[in-house]
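Data first, discussion second: the structure below is written as structure tokens.
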Amino acid sequence: MKKIIFLFFFSIISNSFSQVTISGVVKDTLNTPLDLANIIAINQTTKVLESYGITDSKGKFELKLSKNKSYKIQISYIGMKTYEEIIQVKEVNLKKDFILKPDNSLDEVEITYEMPVTIKGDTLIYNADSFKNGTERKLEDVLEKLPGVEINEDGQIEVEGKVVNKLMVNGKDFFDGDTKLATKNIPSKAVDKIQVLRNYAEVGQLRSVRNNQDNVALNIKLKKGKENFWFGNVTAGGGKSPDESLYLLQPKLFYYSPKYSINFIGDINNIGEVALNRRDIRGFGGGFRAPSRSSGTSINLGDNSLNFLTNQSNALKIENKLATMNFNYSPKSTLDLSGFLIYNNSKILSRETSFVQYTNQELGIPDEATDQSTTERSDQGLLKLSASYKPNVNNQVDYDVIARVSKDQQDQNSFSSVIGTTTQFDEVSPYSINQNLNYYYTLDDTNIFALEAQHLIKNEDPFYNAVLANTNSTSDPFDTTAAALGLDTTQDNYNINQNRRIKSNQLDAKLDYYNLINSKSNINLTFGTILSSQEFDSNVFQFLNDGSEFNPTPTINDGKLGNNITYNFSDIYLGVHYRVKKGIFTITPGFSLHAYGNSNTQFGVTYDEGFFRILPDFETRVQFKKSEALTFRYEMRNQFTDVTRLAEGLVLNNFNNIQFGEPELQNALSHNLSLFYSSFNLFNYTNIFARASYSRNIDQIRSLTNFENVIRTSTFFNSNFADENANVFGRIQKTFGKIRASFGTGLNYSKINQFIQGIQSLNERYVQTYTPGIRTNYLKAPNINLRYRYSVSTNIQGSRKTTFTTNTPSIEFDAYIWKSVTFRTDYSYTNQSSNEGNSQSFQNWNATFSYRKNNDAKWEYEIKATNLLNIDSQIRNNANNFSVFSSETFIQPRFVTFRFVYNL
């Protein structure tokens, strides 16, 4: 492998030294430099486009070309005649200027080759074929090769450092809300153009009065012939593992026409290939059009769904079924209807061993070794329906409704070196309905109104059961806890059960008025409200040996074990913002005045609180060039907690994690600052972005934790100690011909004040990550992608300091051979070490070999192997507020599957 990498780098270096540069300036007949003129160089021998460029604001361009070759230089610019000239390149760099003449004719100009990248206003257009070499199968294979575009570790698309939050196909929403369904399923051969819509505005009426610079959307233009009929593919395959037969069926069907579109994606397999995992679906917002500008108030409704321990990358066995359908229908030009339906069923088996070391050693909390096996089952369903009505340019009405329902179960068997053997069972069947109604009205040229309202109903019903052996020993760490909970200690075991019910109802609505003072400034007045109501009921009971139910009375917490609490919250606010453009600056200062009220009633007592607060915010944007900007933001936020932290009765998060709330908790105040810089330069093929943020939380809600061995009991309070968090993240990407180099870095510092056994300690964490990489994009040669990830995490927790160092080199290789055979492989090596001298490592190697007669062939045959080295586990070291731990997670064995792909 080392020899291959050495030879490949040698070829890269040799190739770079065999090139020369042609540079110059493009002007018009008035000697004015032309910004964003397109320049291409076509090799006269091979007739292949070999290099391209776009002029900068001074009309400068630069092309890298091979020595001793003849090229046709073609220059185009809107409103100008296309210029062509044959140039003979020698062995020295060449400087040459060009002058374009006005084009007054209406005849079409014949362009021999399309520009790989063009810019039209805020739209960046990639010609997909310019970046394909034949090994691509899905949309993400193309996106990864585009300059300025990244697929991050969560599978999200990033453009110039900004996450794409909307993806369309031929202008129609594609499963609005999650781009992974598109990137992993749309066939690459169907993609013609990829349009990056920067400063994207969902509502055209508000484009000139709102700051949309963080909004990035993608529109995938299909090739001609992929409209008005079905296209896509169906994959079927199977194989054999040591324990069972393997199967795979993945139909992916798409239909597009000017009036409507239908998409269907299905997936049935037991080899762990999951288009959307459970966490993706749980966080699937469906592109919900929430109120545009934050009011400064944040209220947490809580998340009482199961905290699944595993996902598809760290499990022993995975069975998954997915069925999704998306539609768009435009019965007339003023009305658009759309929606999607997602159903997912999964079953996952996992096993993990870990060793936990708790923070302050002087507190006497013993270190703990655990071994746990888990079976997880999940059924999830989502339904979204949307309507958008635009009768004229002055009116727009949008309505969305998204409903979700699930049934999740988790069985866990665990052994602890401190507690012994425990079985646990969790189950929850939550549902929620979220509705969104927006109305936008333009009264005249200077007055615009926007009404945005969102309503949420959520119902959660988690059930928990734990069974622990009763050793009748005074040294048993759970005996003291069992007695404190009021359990019957004469039983053979402790069969503990808990029912909970959390109902949430929230309305978030606001009315905006925009007055355009002139073309450079406007004022925005906002009147809004947040009304929230939550009900929380819980009870803990014990099953006895004879099967009867026993309701315990605890000897702690004043005997309060169950809960029946109602919590109401209201925020009525008025906001004022002024937006002005001055040269390259866009400045938006503002504030909001809030009248808060909240109350909770429990155990016959009502706790009320009401107060006023002014929350300022500020934003300024410096637009150096069309593709280079710097944005600074400041915002003060008021944060309110959910009902479970207010509930006084004891609640079991699990048998060794018990909490009770504080009814008089107050809000937390935070100062938030961020700075974002981005530059996308097609003149020198350099893409740079950097983001820095800082937050300081005042009166943050923190837990006061006491340990009895490894069993902890927590309550909450408003801490007078401020917590802080600072992040810096950046990436630079530079393209040299067919070579693209990148370097990313991330720095994080966090400071958290925690309280254990009544002692305050400061937890500090420093994390630094560096990721250099290099990849090629040859059209007729094998390609390679090399990355190296180096990470250092230092955790200072009480009297314990731990440093983890992670090194992960990785390589991806793909080759398109004889225009019919595709070979792709990826390999990574991960080594983790600590300052205590421990070092652990694991490897991951996958490969795919496929054959299709040509690009237009209907059938394709594929052999795919995962975990070729048959590694049985992965190692992970980490830290949380209470402990540092190392864990070993067992994974799926080597799988080899044979597949048949039929292309429609």
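Here's how to read the names in the structure tokens: chain A, B, ... by the order shown, residue numbers from 1 in each chain, ligand numbers from 1 in the order shown.
Residues in contact range of segment 434-436 of chain A, defined as at most 6 Å between only C-alpha atoms, with sequence neighbours fewer than 6 positions away removed, read Tyr399, Asp400, Val401, Ile402, Ala453, Gln454, His455 and Leu456 of chain A.
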Could you turn the residues from that selection into a file that holds C-alpha atoms, as an mmCIF file, in the first residue's frame?
data_model
loop_
_atom_site.group_PDB
_atom_site.id
_atom_site.type_symbol
_atom_site.label_atom_id
_atom_site.label_comp_id
_atom_site.auth_asym_id
_atom_site.auth_seq_id
_atom_site.Cartn_x
_atom_site.Cartn_y
_atom_site.Cartn_z
ATOM 1 C CA TYR A 399 -49.657 25.650 4.981
ATOM 2 C CA ASP A 400 -47.796 22.585 6.274
ATOM 3 C CA VAL A 401 -48.778 19.756 8.552
ATOM 4 C CA ILE A 402 -46.439 16.996 9.634
ATOM 5 C CA ALA A 453 -47.822 30.762 13.121
ATOM 6 C CA GLN A 454 -46.838 27.299 14.257
ATOM 7 C CA HIS A 455 -48.790 24.919 16.497
ATOM 8 C CA LEU A 456 -47.451 21.729 18.075
#
Which polymer residues have any atom within 9 Å of an atom of Asn211 of chain A, counting only C-alpha atoms, with same-chain residues fewer than 4 positions away left out, as a VMD selection string? chain A and resid 199 207 215 586 588
12 Å contact set for Gly53 of chain A, only C-alpha atoms, chain neighbours under 6 positions out, as JSON, numbers by chain: {"A": [21, 22, 23, 24, 25, 26, 35, 36, 37, 38, 39, 40, 41, 59, 60, 61, 62, 63, 64, 65, 73, 74, 75, 76, 114, 115, 116, 117, 118, 119, 681, 682, 683, 684, 685, 686, 735, 736, 737]}
Mind dumping the selected residues with N, CA and C atoms as a JSON list (two decimals), in the first residue's frame?
[["chain", "number", "residue", "atom", "x", "y", "z"],
["A", 21, "THR", "N", 1.52, 27.84, -17.14],
["A", 21, "THR", "CA", 0.39, 28.70, -16.83],
["A", 21, "THR", "C", 0.20, 29.73, -17.91],
["A", 22, "ILE", "N", -1.05, 29.89, -18.36],
["A", 22, "ILE", "CA", -1.40, 30.99, -19.23],
["A", 22, "ILE", "C", -2.32, 31.92, -18.44],
["A", 23, "SER", "N", -1.96, 33.19, -18.36],
["A", 23, "SER", "CA", -2.73, 34.14, -17.56],
["A", 23, "SER", "C", -2.87, 35.44, -18.33],
["A", 24, "GLY", "N", -3.78, 36.27, -17.86],
["A", 24, "GLY", "CA", -4.00, 37.56, -18.51],
["A", 24, "GLY", "C", -5.24, 38.24, -17.99],
["A", 25, "VAL", "N", -5.76, 39.18, -18.80],
["A", 25, "VAL", "CA", -6.93, 39.96, -18.42],
["A", 25, "VAL", "C", -7.92, 39.96, -19.58],
["A", 26, "VAL", "N", -9.21, 39.85, -19.27],
["A", 26, "VAL", "CA", -10.27, 39.94, -20.27],
["A", 26, "VAL", "C", -10.98, 41.27, -20.09],
["A", 35, "ASP", "N", -15.81, 40.99, -15.21],
["A", 35, "ASP", "CA", -15.88, 40.07, -14.07],
["A", 35, "ASP", "C", -16.76, 38.87, -14.41],
["A", 36, "LEU", "N", -16.32, 37.67, -14.05],
["A", 36, "LEU", "CA", -17.05, 36.42, -14.24],
["A", 36, "LEU", "C", -17.19, 36.03, -15.72],
["A", 37, "ALA", "N", -16.20, 36.37, -16.53],
["A", 37, "ALA", "CA", -16.15, 35.85, -17.90],
["A", 37, "ALA", "C", -15.67, 34.40, -17.86],
["A", 38, "ASN", "N", -16.22, 33.55, -18.73],
["A", 38, "ASN", "CA", -15.88, 32.13, -18.76],
["A", 38, "ASN", "C", -14.78, 31.86, -19.78],
["A", 39, "ILE", "N", -13.79, 31.07, -19.38],
["A", 39, "ILE", "CA", -12.67, 30.73, -20.26],
["A", 39, "ILE", "C", -12.44, 29.23, -20.20],
["A", 40, "ILE", "N", -12.35, 28.60, -21.38],
["A", 40, "ILE", "CA", -12.05, 27.17, -21.44],
["A", 40, "ILE", "C", -10.92, 26.94, -22.43],
["A", 41, "ALA", "N", -10.18, 25.87, -22.18],
["A", 41, "ALA", "CA", -9.08, 25.48, -23.07],
["A", 41, "ALA", "C", -9.33, 24.05, -23.52],
["A", 59, "GLY", "N", -10.90, 41.23, -13.94],
["A", 59, "GLY", "CA", -10.81, 40.62, -15.25],
["A", 59, "GLY", "C", -9.69, 39.61, -15.41],
["A", 60, "LYS", "N", -8.98, 39.29, -14.32],
["A", 60, "LYS", "CA", -7.83, 38.39, -14.42],
["A", 60, "LYS", "C", -8.27, 36.93, -14.51],
["A", 61, "PHE", "N", -7.50, 36.14, -15.25],
["A", 61, "PHE", "CA", -7.75, 34.70, -15.34],
["A", 61, "PHE", "C", -6.41, 33.98, -15.29],
["A", 62, "GLU", "N", -6.51, 32.65, -15.05],
["A", 62, "GLU", "CA", -5.31, 31.81, -15.00],
["A", 62, "GLU", "C", -5.70, 30.38, -15.34],
["A", 63, "LEU", "N", -4.99, 29.76, -16.29],
["A", 63, "LEU", "CA", -5.24, 28.38, -16.71],
["A", 63, "LEU", "C", -3.96, 27.56, -16.59],
["A", 64, "LYS", "N", -4.10, 26.32, -16.11],
["A", 64, "LYS", "CA", -2.98, 25.39, -16.06],
["A", 64, "LYS", "C", -3.10, 24.44, -17.26],
["A", 65, "LEU", "N", -2.04, 24.39, -18.11],
["A", 65, "LEU", "CA", -2.09, 23.58, -19.33],
["A", 65, "LEU", "C", -0.81, 22.76, -19.45],
["A", 73, "ILE", "N", -8.60, 28.31, -27.24],
["A", 73, "ILE", "CA", -9.07, 29.14, -26.12],
["A", 73, "ILE", "C", -10.41, 29.74, -26.51],
["A", 74, "GLN", "N", -11.40, 29.52, -25.66],
["A", 74, "GLN", "CA", -12.75, 30.01, -25.94],
["A", 74, "GLN", "C", -13.22, 30.85, -24.75],
["A", 75, "ILE", "N", -13.60, 32.11, -25.02],
["A", 75, "ILE", "CA", -14.00, 33.03, -23.95],
["A", 75, "ILE", "C", -15.42, 33.52, -24.24],
["A", 76, "SER", "N", -16.28, 33.43, -23.22],
["A", 76, "SER", "CA", -17.68, 33.86, -23.40],
["A", 76, "SER", "C", -18.10, 34.75, -22.25],
["A", 114, "GLU", "N", -19.42, 22.94, -22.52],
["A", 114, "GLU", "CA", -20.02, 23.72, -21.45],
["A", 114, "GLU", "C", -18.99, 23.96, -20.36],
["A", 115, "MET", "N", -19.09, 25.12, -19.74],
["A", 115, "MET", "CA", -18.22, 25.42, -18.60],
["A", 115, "MET", "C", -18.54, 24.48, -17.45],
["A", 116, "PRO", "N", -17.53, 23.91, -16.81],
["A", 116, "PRO", "CA", -17.81, 23.07, -15.63],
["A", 116, "PRO", "C", -18.51, 23.84, -14.52],
["A", 117, "VAL", "N", -18.14, 25.12, -14.34],
["A", 117, "VAL", "CA", -18.75, 25.94, -13.30],
["A", 117, "VAL", "C", -19.07, 27.32, -13.87],
["A", 118, "THR", "N", -20.27, 27.79, -13.64],
["A", 118, "THR", "CA", -20.64, 29.15, -14.04],
["A", 118, "THR", "C", -21.37, 29.83, -12.89],
["A", 119, "ILE", "N", -21.36, 31.17, -12.92],
["A", 119, "ILE", "CA", -22.02, 31.96, -11.89],
["A", 119, "ILE", "C", -23.01, 32.91, -12.54],
["A", 681, "ASN", "N", -13.52, 31.47, -4.64],
["A", 681, "ASN", "CA", -12.78, 32.18, -5.68],
["A", 681, "ASN", "C", -12.51, 31.23, -6.85],
["A", 682, "LEU", "N", -13.24, 31.44, -7.95],
["A", 682, "LEU", "CA", -13.04, 30.59, -9.13],
["A", 682, "LEU", "C", -11.88, 31.08, -9.99],
["A", 683, "PHE", "N", -11.31, 32.23, -9.63],
["A", 683, "PHE", "CA", -10.12, 32.68, -10.35],
["A", 683, "PHE", "C", -8.91, 31.82, -10.00],
["A", 684, "ASN", "N", -8.70, 31.58, -8.71],
["A", 684, "ASN", "CA", -7.57, 30.73, -8.31],
["A", 684, "ASN", "C", -8.02, 29.42, -7.68],
["A", 685, "TYR", "N", -9.31, 29.08, -7.87],
["A", 685, "TYR", "CA", -9.86, 27.79, -7.43],
["A", 685, "TYR", "C", -9.63, 27.56, -5.94],
["A", 686, "THR", "N", -9.90, 28.58, -5.15],
["A", 686, "THR", "CA", -9.69, 28.49, -3.72],
["A", 686, "THR", "C", -11.01, 28.75, -2.99],
["A", 735, "THR", "N", -7.73, 23.93, -5.58],
["A", 735, "THR", "CA", -7.68, 23.02, -6.71],
["A", 735, "THR", "C", -6.52, 23.38, -7.62],
["A", 736, "PHE", "N", -5.73, 22.35, -7.94],
["A", 736, "PHE", "CA", -4.60, 22.50, -8.87],
["A", 736, "PHE", "C", -4.87, 21.56, -10.05],
["A", 737, "GLY", "N", -5.49, 22.07, -11.10],
["A", 737, "GLY", "CA", -5.82, 21.21, -12.22],
["A", 737, "GLY", "C", -6.80, 20.13, -11.80]]
For the interface of segment 322-439 of chain A with segment 640-654 of chain A (cut-off 12 Å, counting only C-alpha atoms), please tabulate each contacting residue of segment 322-439 of chain A alongside its nearest pair of atoms and their separation in Å to one decimal, rows sorted by chain and increasing number, as CSV.
residue,atom,partner,partner_atom,distance
A:Gln412,CA,A:Asn654,CA,11.6
A:Thr422,CA,A:Asn654,CA,11.1
A:Thr423,CA,A:Asn654,CA,11.1
A:Gln424,CA,A:Asn654,CA,8.5
A:Phe425,CA,A:Asn654,CA,9.9
A:Asp426,CA,A:Asn654,CA,9.5
Nearest residue to Thr123 of chain A from the set A:Arg765, A:Lys259, A:Arg404, A:Lys193 (distances using only C-alpha atoms): A:Lys193
What parts of segment 101-338 of chain A does DSSP call strand (DSSP E)? I'd like the answer as a PyMOL selection string. chain A and resi 117-120+123-127+149-151+157-159+162-163+166-169+172-173+191-198+216-222+230-240+245-256+260-269+297-299+317-332+335-338
For Trp818 of chain A, work out the shell of residues within 12 Å, counting only C-alpha atoms and skipping chain neighbours fewer than 6 positions away, then give it as number ranges by chain. A: 134-135, 780-782, 851-855
Go ahead and dump the residues you just picked, C-alpha atoms, as a CSV table (one decimal), in the first residue's frame.
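Generated output (part.csv):
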chain,number,residue,atom,x,y,z
A,134,GLY,CA,-17.9,6.7,-14.8
A,135,THR,CA,-17.5,5.3,-11.3
A,780,LYS,CA,-9.8,8.8,-17.7
A,781,ALA,CA,-7.5,7.6,-14.9
A,782,PRO,CA,-8.0,6.1,-11.4
A,851,TYR,CA,-19.7,-4.5,-14.3
A,852,ARG,CA,-22.0,-2.9,-16.8
A,853,LYS,CA,-21.5,-3.1,-20.6
A,854,ASN,CA,-21.7,0.7,-21.0
A,855,ASN,CA,-23.2,3.7,-19.4
Residue neighbourhood segment 415-420 of chain A, 8 Å, only C-alpha atoms, exclusion window fewer than 2 positions, as a PyMOL selection string: chain A and resi 366+368-372+413+422+469+476-478+710
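If only C-alpha atoms are the atoms counted, then among A:Ser261, A:Ser532, A:Lys864, A:Met325 the closest residue to Phe849 of chain A is A:Lys864.
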Any idea what's packed within 10 Å of Ala595 of chain A, counting only C-alpha atoms, ignoring anything in its chain fewer than 2 positions away? Could you give it as a list in words? Thr529, Ser570, Asp571, Ile572, Tyr573, Leu574, Leu593, Gly597, Gly610, Phe611, Phe612, Arg613 and Ile614 of chain A
Tell me which of A:Ser294, A:Ser841, A:Asn524, A:Thr179 sits closest to Glu888 of chain A, counting only C-alpha atoms. A:Ser841
Which of these, A:Lys72, A:Lys172, A:Lys223, A:Lys317, has the shortest distance to Ile891 of chain A once you count only C-alpha atoms? A:Lys317
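Considering the residues A:Ser693, A:Glu376, A:Ser333, A:Gln843 and counting only C-alpha atoms, Thr631 of chain A has its shortest atom-to-atom contact with A:Ser693.
Atom CA of Phe900 of chain A is found 8.1 Å from atom CA of Val234 of chain A.
Residue nearest Gly730 of chain A within the list A:Lys58, A:Lys132, A:Lys180, A:Arg691: A:Arg691 [criterion: smallest interatomic distance, only C-alpha atoms].
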Distance query Pro102 of chain A at most 12 Å, only C-alpha atoms, self and fewer than 4 positions along chain excluded, as a PDB file with C-alpha atoms, in the first residue's frame:
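What follows is the written file result25.pdb:
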ATOM      1  CA  LYS A  27     -11.699  43.373 -21.129  1.00  0.00           C
ATOM      2  CA  ASP A  28     -14.351  44.922 -23.329  1.00  0.00           C
ATOM      3  CA  THR A  29     -13.727  47.445 -26.115  1.00  0.00           C
ATOM      4  CA  LEU A  30     -13.883  50.303 -23.575  1.00  0.00           C
ATOM      5  CA  SER A  76     -17.678  33.863 -23.403  1.00  0.00           C
ATOM      6  CA  TYR A  77     -19.530  36.604 -21.564  1.00  0.00           C
ATOM      7  CA  ILE A  78     -23.186  37.623 -21.538  1.00  0.00           C
ATOM      8  CA  GLY A  79     -23.834  40.254 -24.203  1.00  0.00           C
ATOM      9  CA  MET A  80     -20.430  39.726 -25.855  1.00  0.00           C
ATOM     10  CA  LYS A  81     -19.362  37.738 -28.889  1.00  0.00           C
ATOM     11  CA  THR A  82     -17.650  34.491 -27.980  1.00  0.00           C
ATOM     12  CA  TYR A  83     -13.932  34.748 -28.696  1.00  0.00           C
ATOM     13  CA  LEU A 106     -29.886  37.382 -31.832  1.00  0.00           C
TER      14      LEU A 106
END
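The space separating atom CA of Arg787 of chain A from atom CA of Asn165 of chain A comes to 26.3 Å.
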